[in-house]
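Below is input_1.txt, holding compact mmCIF, C-alpha atoms.
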# COMPACT_ATOMS: atom_id res chain seq x y z
CA ASP A 13 38.72 -35.89 -25.35
CA ASN A 14 36.23 -34.17 -27.65
CA TRP A 15 35.17 -30.94 -25.95
CA ASN A 16 32.08 -30.47 -28.05
CA ARG A 17 30.01 -27.70 -26.47
CA PHE A 18 29.72 -25.12 -23.69
CA ARG A 19 31.21 -26.68 -20.53
CA GLY A 20 32.19 -29.79 -22.48
CA PRO A 21 30.45 -33.19 -22.76
CA ASN A 22 26.96 -33.09 -21.20
CA GLY A 23 27.62 -29.55 -19.95
CA THR A 24 29.28 -30.75 -16.76
CA GLY A 25 32.49 -28.75 -17.11
CA LEU A 26 34.46 -31.94 -16.31
CA SER A 27 37.06 -33.74 -18.42
CA ILE A 28 37.97 -37.42 -18.07
CA GLY A 29 41.41 -36.74 -19.54
CA GLY A 30 44.42 -36.93 -17.25
CA ASN A 31 47.47 -34.70 -16.76
CA ILE A 32 45.55 -31.44 -17.05
CA PRO A 33 47.50 -28.48 -15.59
CA THR A 34 45.95 -26.99 -12.47
CA ALA A 35 47.84 -23.70 -12.84
CA TRP A 36 48.72 -21.61 -15.90
CA SER A 37 52.42 -21.26 -16.72
CA GLU A 38 54.80 -21.09 -19.68
CA ASP A 39 55.26 -24.86 -19.40
CA SER A 40 51.55 -25.74 -19.41
CA HIS A 41 50.93 -25.25 -23.15
CA ARG A 42 52.57 -26.28 -26.43
CA TRP A 43 51.79 -23.26 -28.56
CA VAL A 44 50.16 -19.82 -28.55
CA ILE A 45 48.40 -18.03 -31.40
CA GLU A 46 46.68 -14.66 -31.64
CA LEU A 47 42.99 -14.83 -32.49
CA PRO A 48 41.29 -12.30 -34.77
CA GLY A 49 39.04 -9.96 -32.83
CA VAL A 50 37.60 -10.48 -29.35
CA GLY A 51 35.29 -13.18 -28.02
CA HIS A 52 33.96 -14.47 -24.70
CA SER A 53 33.01 -17.80 -26.25
CA SER A 54 34.88 -20.97 -25.34
CA PRO A 55 36.75 -23.02 -27.96
CA VAL A 56 35.43 -26.48 -28.85
CA ILE A 57 37.47 -29.51 -29.88
CA TRP A 58 36.77 -32.45 -32.15
CA GLU A 59 39.67 -34.89 -32.51
CA ASN A 60 42.60 -32.93 -34.00
CA LYS A 61 40.73 -29.65 -34.59
CA ILE A 62 39.98 -26.67 -32.35
CA PHE A 63 37.20 -24.31 -33.41
CA THR A 64 37.03 -20.73 -32.13
CA THR A 65 34.76 -17.73 -32.65
CA SER A 66 35.56 -14.05 -32.19
CA ALA A 67 34.46 -10.66 -33.53
CA ASP A 68 35.85 -7.28 -34.55
CA GLU A 69 34.96 -4.75 -31.85
CA GLN A 70 34.88 -1.91 -34.38
CA ASN A 71 32.47 -3.27 -37.01
CA GLY A 72 31.07 -6.47 -35.47
CA GLU A 73 32.53 -8.73 -38.19
CA GLN A 74 32.44 -12.38 -37.06
CA PHE A 75 35.37 -14.80 -37.36
CA VAL A 76 35.14 -18.60 -37.25
CA GLN A 77 38.50 -20.33 -37.16
CA CYS A 78 39.83 -23.90 -37.19
CA VAL A 79 43.21 -24.69 -35.63
CA ASP A 80 45.28 -27.88 -35.57
CA THR A 81 45.49 -29.14 -31.97
CA LYS A 82 49.09 -30.38 -32.20
CA SER A 83 50.81 -27.56 -34.05
CA GLY A 84 48.58 -24.50 -33.61
CA GLN A 85 48.47 -24.05 -37.38
CA VAL A 86 45.38 -22.20 -38.59
CA LEU A 87 43.69 -24.61 -41.00
CA TRP A 88 41.03 -22.15 -42.15
CA LYS A 89 39.35 -18.89 -41.14
CA LYS A 90 35.95 -17.60 -42.26
CA ARG A 91 34.61 -14.03 -42.03
CA PHE A 92 30.95 -13.10 -41.79
CA GLN A 93 29.60 -9.57 -42.00
CA SER A 94 27.71 -8.34 -38.96
CA LYS A 95 27.32 -5.07 -37.04
CA THR A 96 27.95 -3.57 -33.64
CA TYR A 97 25.33 -2.79 -31.00
CA SER A 98 25.30 -1.67 -27.37
CA HIS A 99 25.95 -4.44 -24.85
CA HIS A 100 27.16 -4.92 -21.28
CA LYS A 101 30.78 -3.92 -20.71
CA PHE A 102 31.62 -7.49 -19.69
CA ASN A 103 29.99 -8.99 -22.78
CA SER A 104 31.26 -9.27 -26.36
CA PHE A 105 29.93 -9.66 -29.91
CA ALA A 106 31.09 -13.32 -29.86
CA SER A 107 29.87 -14.74 -26.55
CA ALA A 108 28.08 -17.86 -27.80
CA THR A 109 30.22 -20.99 -27.53
CA PRO A 110 29.88 -23.11 -30.70
CA CYS A 111 29.07 -26.84 -30.66
CA VAL A 112 30.52 -29.57 -32.84
CA ASP A 113 30.15 -33.24 -33.73
CA SER A 114 31.82 -35.52 -36.28
CA ASN A 115 30.58 -33.59 -39.33
CA SER A 116 29.01 -30.30 -38.24
CA LEU A 117 30.02 -27.09 -36.46
CA ILE A 118 27.22 -24.83 -35.17
CA VAL A 119 27.98 -21.16 -34.50
CA SER A 120 25.75 -18.32 -33.34
CA TRP A 121 25.72 -14.55 -32.86
CA THR A 122 23.15 -11.78 -32.53
CA THR A 123 22.58 -8.11 -33.30
CA LYS A 124 19.57 -5.98 -32.40
CA GLU A 125 18.04 -6.99 -35.76
CA SER A 126 19.06 -10.64 -36.01
CA ASN A 127 19.75 -13.94 -34.27
CA ASP A 128 22.00 -15.87 -36.65
CA LEU A 129 22.68 -19.60 -36.47
CA LEU A 130 25.04 -21.24 -38.97
CA CYS A 131 26.06 -24.82 -39.64
CA LEU A 132 29.50 -25.39 -41.20
CA ASP A 133 31.32 -28.57 -42.08
CA HIS A 134 34.81 -29.27 -40.73
CA ASN A 135 36.35 -27.64 -43.82
CA GLY A 136 34.55 -24.35 -43.19
CA SER A 137 31.86 -24.61 -45.88
CA VAL A 138 28.43 -23.31 -44.84
CA LYS A 139 25.81 -26.10 -44.92
CA TRP A 140 22.89 -23.89 -43.88
CA ARG A 141 22.10 -20.59 -42.17
CA ARG A 142 19.06 -19.37 -40.21
CA ASN A 143 18.05 -15.93 -38.94
CA PHE A 144 15.41 -15.95 -36.20
CA GLY A 145 14.72 -12.19 -36.32
CA ASN A 146 15.08 -9.23 -33.98
CA TYR A 147 16.98 -9.79 -30.75
CA LYS A 148 16.02 -7.12 -28.22
CA THR A 149 18.29 -6.97 -25.18
CA GLN A 150 20.12 -4.43 -23.05
CA HIS A 151 23.19 -6.55 -22.38
CA GLY A 152 23.69 -8.64 -25.52
CA SER A 153 23.36 -12.39 -25.89
CA GLY A 154 25.11 -15.23 -24.10
CA PHE A 155 23.25 -18.45 -24.98
CA SER A 156 25.10 -21.34 -26.59
CA PRO A 157 23.51 -23.92 -28.95
CA ILE A 158 24.07 -27.64 -28.46
CA ILE A 159 23.88 -30.70 -30.68
CA TYR A 160 21.86 -33.59 -29.29
CA GLN A 161 21.71 -36.69 -31.50
CA GLU A 162 20.52 -35.31 -34.88
CA ARG A 163 19.03 -32.08 -33.53
CA VAL A 164 20.37 -28.63 -32.75
CA ILE A 165 18.82 -27.14 -29.60
CA MET A 166 18.96 -23.35 -29.32
CA THR A 167 17.05 -20.41 -27.90
CA HIS A 168 15.61 -17.24 -29.35
CA ASP A 169 15.24 -15.80 -25.88
CA HIS A 170 15.08 -12.02 -25.59
CA GLU A 171 12.88 -9.11 -24.49
CA GLY A 172 10.18 -10.03 -26.95
CA GLU A 173 8.45 -13.11 -28.34
CA SER A 174 10.81 -15.93 -27.41
CA ALA A 175 11.14 -19.65 -28.00
CA LEU A 176 13.18 -22.76 -27.37
CA LEU A 177 13.85 -24.44 -30.73
CA ALA A 178 14.80 -27.91 -31.96
CA LEU A 179 16.24 -27.94 -35.49
CA ASP A 180 17.24 -30.68 -37.90
CA LYS A 181 21.04 -30.74 -37.83
CA GLU A 182 21.45 -31.48 -41.52
CA THR A 183 18.95 -28.98 -42.94
CA GLY A 184 18.29 -26.38 -40.23
CA LYS A 185 14.54 -27.03 -40.50
CA THR A 186 12.55 -26.34 -37.32
CA LEU A 187 11.28 -29.62 -35.84
CA GLY A 188 9.93 -28.29 -32.56
CA SER A 189 9.32 -24.99 -30.79
CA ARG A 190 8.34 -23.93 -27.26
CA LYS A 191 7.31 -20.38 -26.46
CA THR A 192 9.01 -18.85 -23.42
CA SER A 193 8.49 -15.78 -21.27
CA GLY A 194 11.21 -13.68 -22.89
CA LYS A 195 12.10 -12.14 -19.51
CA SER A 196 15.78 -13.02 -19.75
CA SER A 197 18.35 -12.95 -22.55
CA ARG A 198 21.08 -14.78 -20.66
CA ARG A 199 19.79 -18.34 -20.37
CA VAL A 200 21.81 -21.11 -21.99
CA SER A 201 20.46 -24.08 -23.99
CA PHE A 202 19.85 -26.89 -21.50
CA ALA A 203 21.54 -30.27 -21.43
CA CYS A 204 18.79 -32.42 -22.99
CA ARG A 205 19.37 -35.18 -20.47
CA PHE A 206 16.17 -34.73 -18.46
CA SER A 207 15.02 -38.35 -18.80
CA GLY A 208 18.07 -39.57 -16.89
CA MET A 209 18.64 -36.53 -14.72
CA LYS A 210 18.79 -37.20 -11.01
CA GLY A 211 16.71 -34.90 -8.88
CA SER A 212 13.34 -34.49 -7.29
CA MET A 213 10.56 -32.25 -8.56
CA LYS A 214 10.25 -30.91 -5.00
CA ASP A 215 12.81 -29.49 -2.59
CA GLU A 216 13.17 -30.32 1.11
CA SER A 217 10.44 -27.85 2.09
CA GLY A 218 7.99 -29.40 -0.36
CA GLY A 219 8.20 -26.51 -2.79
CA PRO A 220 9.28 -26.64 -6.45
CA SER A 221 12.89 -27.78 -6.89
CA LYS A 222 15.38 -26.10 -9.22
CA LEU A 223 14.77 -28.88 -11.73
CA ASN A 224 11.03 -28.32 -11.52
CA LYS A 225 11.44 -24.57 -12.01
CA ALA A 226 13.71 -25.12 -15.02
CA LEU A 227 11.22 -27.45 -16.67
CA GLU A 228 8.34 -25.09 -15.93
CA LYS A 229 10.25 -22.16 -17.41
CA TRP A 230 10.39 -23.99 -20.74
CA GLY A 231 6.79 -25.21 -20.53
CA PHE A 232 7.51 -28.89 -19.82
CA SER A 233 5.41 -30.91 -17.40
CA SER A 234 8.00 -33.66 -16.87
CA LYS A 235 11.59 -34.74 -17.52
CA GLN A 236 10.33 -37.25 -20.07
CA GLU A 237 8.49 -34.56 -22.05
CA ALA A 238 11.63 -32.41 -22.19
CA ALA A 239 13.73 -35.37 -23.31
CA SER A 240 11.20 -36.13 -26.06
CA PHE A 241 11.53 -32.56 -27.33
CA CYS A 242 15.26 -33.10 -27.77
CA SER A 243 15.08 -36.56 -29.29
CA ASN A 244 14.89 -37.59 -32.92
CA ASN A 245 11.17 -38.27 -33.12
CA LYS A 246 9.14 -35.78 -35.14
CA LYS A 247 6.63 -34.99 -32.40
CA SER A 248 7.54 -32.41 -29.77
As structure tokens - that is how I would like this structure written.
Amino acid sequence: DNWNRFRGPNGTGLSIGGNIPTAWSEDSHRWVIELPGVGHSSPVIWENKIFTTSADEQNGEQFVQCVDTKSGQVLWKKRFQSKTYSHHKFNSFASATPCVDSNSLIVSWTTKESNDLLCLDHNGSVKWRRNFGNYKTQHGSGFSPIIYQERVIMTHDHEGESALLALDKETGKTLGSRKTSGKSSRRVSFACRFSGMKGSMKDESGGPSKLNKALEKWGFSSKQEAASFCSNNKKS
């Protein structure tokens, strides 16, 4: 299976693959390698490649690494200069899970002065890079970008002017933007499956459902409007 984003395909956290160990033991894995730095991000998988992110706790330097799934051989490793900043003791400088498709790998990290989003190819070459500006937060970041069709969906969501963004996957150009409240820096990019999502806009008591509240938080009036934001059309 391709495990292409935070919580896997469609963000469900479920795999259709069989024979997955239910307990961790010496017999449940083929190989072990030591990663550079520390990271709370999850690895992502595309065919025979695993992609990981981590960071140096002393200087904030970011590491993006590609590993062969069968052998554990490191195929390439890239370093990117960054810096440290104060964050929650249970957070890290590499908490954003990357996302990947057949030709692009999207990685993200923040500092107090920057929100960096990079697109690399499967050989580690940088295709484009964006910086969305200051990222004010007490605890650090934890959002993860996703790829939906030919768009990258990500958030610049912090204690300041915030937005949900849709970018062109090949160029990094902004195709759509929605301003948000900026009251939380921990939200994760949503699944972009609102048009087919099961769920009522009201709960049993007649009040707003969780789905309704989520849509309202991002400024959408309906599931269809949210799905349109994530789709390939140029209007959003």
Can you pull out every residue within 12 Å of A:Arg190, counting all atoms listed in the file, but drop anything in the same chain fewer than 3 positions away, and send it as a PyMOL selection string? chain A and resi 165-169+173-178+186-187+193-194+227-232+237-238+241-242+248
For C-alpha atoms, I'd like the residues from the last selection saved as a PDB file, keeping the file's coordinate frame.
ATOM      1  CA  ILE A 165      18.820 -27.140 -29.600  1.00  0.00           C
ATOM      2  CA  MET A 166      18.960 -23.350 -29.320  1.00  0.00           C
ATOM      3  CA  THR A 167      17.050 -20.410 -27.900  1.00  0.00           C
ATOM      4  CA  HIS A 168      15.610 -17.240 -29.350  1.00  0.00           C
ATOM      5  CA  ASP A 169      15.240 -15.800 -25.880  1.00  0.00           C
ATOM      6  CA  GLU A 173       8.450 -13.110 -28.340  1.00  0.00           C
ATOM      7  CA  SER A 174      10.810 -15.930 -27.410  1.00  0.00           C
ATOM      8  CA  ALA A 175      11.140 -19.650 -28.000  1.00  0.00           C
ATOM      9  CA  LEU A 176      13.180 -22.760 -27.370  1.00  0.00           C
ATOM     10  CA  LEU A 177      13.850 -24.440 -30.730  1.00  0.00           C
ATOM     11  CA  ALA A 178      14.800 -27.910 -31.960  1.00  0.00           C
ATOM     12  CA  THR A 186      12.550 -26.340 -37.320  1.00  0.00           C
ATOM     13  CA  LEU A 187      11.280 -29.620 -35.840  1.00  0.00           C
ATOM     14  CA  SER A 193       8.490 -15.780 -21.270  1.00  0.00           C
ATOM     15  CA  GLY A 194      11.210 -13.680 -22.890  1.00  0.00           C
ATOM     16  CA  LEU A 227      11.220 -27.450 -16.670  1.00  0.00           C
ATOM     17  CA  GLU A 228       8.340 -25.090 -15.930  1.00  0.00           C
ATOM     18  CA  LYS A 229      10.250 -22.160 -17.410  1.00  0.00           C
ATOM     19  CA  TRP A 230      10.390 -23.990 -20.740  1.00  0.00           C
ATOM     20  CA  GLY A 231       6.790 -25.210 -20.530  1.00  0.00           C
ATOM     21  CA  PHE A 232       7.510 -28.890 -19.820  1.00  0.00           C
ATOM     22  CA  GLU A 237       8.490 -34.560 -22.050  1.00  0.00           C
ATOM     23  CA  ALA A 238      11.630 -32.410 -22.190  1.00  0.00           C
ATOM     24  CA  PHE A 241      11.530 -32.560 -27.330  1.00  0.00           C
ATOM     25  CA  CYS A 242      15.260 -33.100 -27.770  1.00  0.00           C
ATOM     26  CA  SER A 248       7.540 -32.410 -29.770  1.00  0.00           C
TER      27      SER A 248
END
Could you pull the residues within 9 Å of stretch 61-69 of chain A, counting all atoms listed in the file, minus those fewer than 6 positions along the same chain, as a PyMOL selection string? chain A and resi 47-55+75-82+84+87+94+96+104-112+117+119+134
Go through A:Arg163, A:Lys185, A:Lys148, A:His41 and flag the residue nearest A:Ser243, using all atoms listed in the file for the distances.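 Ranking A:Arg163, A:Lys185, A:Lys148, A:His41 by distance to A:Ser243, first place goes to A:Arg163.
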Might you pull out every residue within 7 Å of A:Thr122, with all atoms listed in the file counted and same-chain residues fewer than 3 positions away left off, and present them as a list of chain:residue names?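 Here the qualifying residues turn out to be A:Ser126, A:Asn127, A:Asp128, A:Tyr147, A:Ser153.
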Atomic separation - atom CA of A:Gly29 relative to atom CA of A:Lys89, Å: 28.1 Å
Between atom CA of A:Ile32 and atom CA of A:Asp13, what is the distance in Å, rounded to a tenth?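 Going from atom CA of A:Ile32 over to atom CA of A:Asp13 covers 11.6 Å.
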Expressed in Å to a single decimal, how great is the separation between atom CA of A:His151 and atom CA of A:Ser120? 16.3 Å
If the box runs along x, y and z of the file and leaves 4 Å on each side of stretch 162-176 of chain A, what are its centre and edge lengths in Å, one decimal, as JSON?
{"center_x": 14.5, "center_y": -22.2, "center_z": -29.7, "size_x": 20.1, "size_y": 34.2, "size_z": 18.4}
Which is closest to A:Ser137 among A:Asp39, A:Asn71, A:Gly20, A:Arg91, if we use only C-alpha atoms?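 Among the listed residues, A:Arg91 lies closest to A:Ser137.
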Nearest to A:Lys95: which of A:Ser240, A:Gln70, A:Asn143, A:Asn14 is it, counting all atoms listed in the file? A:Gln70
Taking (30.0, -35.2, -23.4) as a centre in this file's frame and 12 Å as the limit, can you find every polymer residue with an atom that close, using all atoms listed in the file, and give them as a ChimeraX atom specification? /A:13-28,56-58,111-113,158-161,203-205
Save stretch 144-157 of chain A from what I just supplied, as a short mmCIF file (atom, residue, chain, number, x, y, z; two decimals), in the first residue's frame, atoms limited to all heavy atoms.
data_model
loop_
_atom_site.label_atom_id
_atom_site.label_comp_id
_atom_site.auth_asym_id
_atom_site.auth_seq_id
_atom_site.Cartn_x
_atom_site.Cartn_y
_atom_site.Cartn_z
N PHE A 144 5.43 31.26 4.02
CA PHE A 144 4.19 31.99 4.23
C PHE A 144 4.28 32.99 5.39
O PHE A 144 3.27 33.55 5.81
CB PHE A 144 3.05 31.00 4.46
CG PHE A 144 2.79 30.15 3.26
CD1 PHE A 144 3.42 28.92 3.11
CD2 PHE A 144 1.97 30.59 2.23
CE1 PHE A 144 3.22 28.13 1.99
CE2 PHE A 144 1.76 29.81 1.10
CZ PHE A 144 2.39 28.59 0.97
N GLY A 145 5.50 33.25 5.89
CA GLY A 145 5.70 34.33 6.85
C GLY A 145 5.70 33.88 8.30
O GLY A 145 5.76 32.69 8.62
N ASN A 146 5.65 34.86 9.19
CA ASN A 146 5.73 34.62 10.62
C ASN A 146 4.73 33.56 11.08
O ASN A 146 3.60 33.50 10.59
CB ASN A 146 5.48 35.91 11.40
CG ASN A 146 6.58 36.93 11.19
OD1 ASN A 146 7.65 36.61 10.66
ND2 ASN A 146 6.33 38.17 11.58
N TYR A 147 5.17 32.74 12.05
CA TYR A 147 4.31 31.71 12.60
C TYR A 147 4.34 31.83 14.12
O TYR A 147 5.22 31.29 14.79
CB TYR A 147 4.78 30.33 12.14
CG TYR A 147 3.74 29.25 12.32
CD1 TYR A 147 2.74 29.07 11.37
CD2 TYR A 147 3.73 28.44 13.44
CE1 TYR A 147 1.76 28.10 11.52
CE2 TYR A 147 2.77 27.47 13.61
CZ TYR A 147 1.79 27.30 12.66
OH TYR A 147 0.83 26.35 12.81
N LYS A 148 3.39 32.57 14.66
CA LYS A 148 3.34 32.88 16.09
C LYS A 148 2.57 31.80 16.83
O LYS A 148 1.40 31.55 16.56
CB LYS A 148 2.68 34.23 16.31
CG LYS A 148 3.37 35.39 15.61
CD LYS A 148 2.59 36.68 15.79
CE LYS A 148 3.23 37.83 15.02
NZ LYS A 148 2.45 39.09 15.16
N THR A 149 3.24 31.14 17.75
CA THR A 149 2.60 30.07 18.52
C THR A 149 3.40 29.80 19.79
O THR A 149 4.62 29.98 19.81
CB THR A 149 2.50 28.78 17.69
OG1 THR A 149 2.03 27.73 18.51
CG2 THR A 149 3.85 28.38 17.12
N GLN A 150 2.71 29.37 20.82
CA GLN A 150 3.38 29.02 22.07
C GLN A 150 3.94 27.60 22.04
O GLN A 150 4.96 27.32 22.66
CB GLN A 150 2.39 29.13 23.25
CG GLN A 150 1.86 30.52 23.51
CD GLN A 150 0.95 30.55 24.72
OE1 GLN A 150 1.21 29.92 25.73
NE2 GLN A 150 -0.15 31.28 24.59
N HIS A 151 3.27 26.71 21.30
CA HIS A 151 3.59 25.29 21.40
C HIS A 151 4.27 24.71 20.17
O HIS A 151 4.64 23.54 20.17
CB HIS A 151 2.30 24.50 21.68
CG HIS A 151 1.60 24.92 22.93
ND1 HIS A 151 2.21 24.92 24.16
CD2 HIS A 151 0.33 25.38 23.12
CE1 HIS A 151 1.36 25.33 25.08
NE2 HIS A 151 0.21 25.64 24.47
N GLY A 152 4.45 25.50 19.11
CA GLY A 152 5.00 24.97 17.88
C GLY A 152 3.89 24.50 16.97
O GLY A 152 2.71 24.54 17.31
N SER A 153 4.26 24.03 15.79
CA SER A 153 3.26 23.64 14.80
C SER A 153 3.03 22.13 14.83
O SER A 153 3.80 21.37 15.39
CB SER A 153 3.71 24.07 13.40
OG SER A 153 4.91 23.41 13.05
N GLY A 154 1.94 21.71 14.18
CA GLY A 154 1.63 20.29 14.11
C GLY A 154 0.74 19.95 12.94
O GLY A 154 0.27 18.83 12.83
N PHE A 155 0.48 20.92 12.04
CA PHE A 155 -0.35 20.62 10.87
C PHE A 155 0.45 19.84 9.83
O PHE A 155 1.67 19.90 9.79
CB PHE A 155 -0.88 21.92 10.24
CG PHE A 155 0.19 22.78 9.61
CD1 PHE A 155 0.59 22.55 8.31
CD2 PHE A 155 0.79 23.80 10.32
CE1 PHE A 155 1.58 23.32 7.72
CE2 PHE A 155 1.78 24.58 9.74
CZ PHE A 155 2.18 24.34 8.43
N SER A 156 -0.27 19.09 9.01
CA SER A 156 0.37 18.31 7.94
C SER A 156 -0.31 18.61 6.62
O SER A 156 -1.54 18.51 6.51
CB SER A 156 0.28 16.81 8.24
OG SER A 156 0.97 16.49 9.44
N PRO A 157 0.45 18.97 5.57
CA PRO A 157 -0.15 19.23 4.26
C PRO A 157 -0.64 17.93 3.63
O PRO A 157 -0.22 16.83 4.02
CB PRO A 157 1.01 19.82 3.46
CG PRO A 157 2.23 19.21 4.09
CD PRO A 157 1.91 19.08 5.55
#
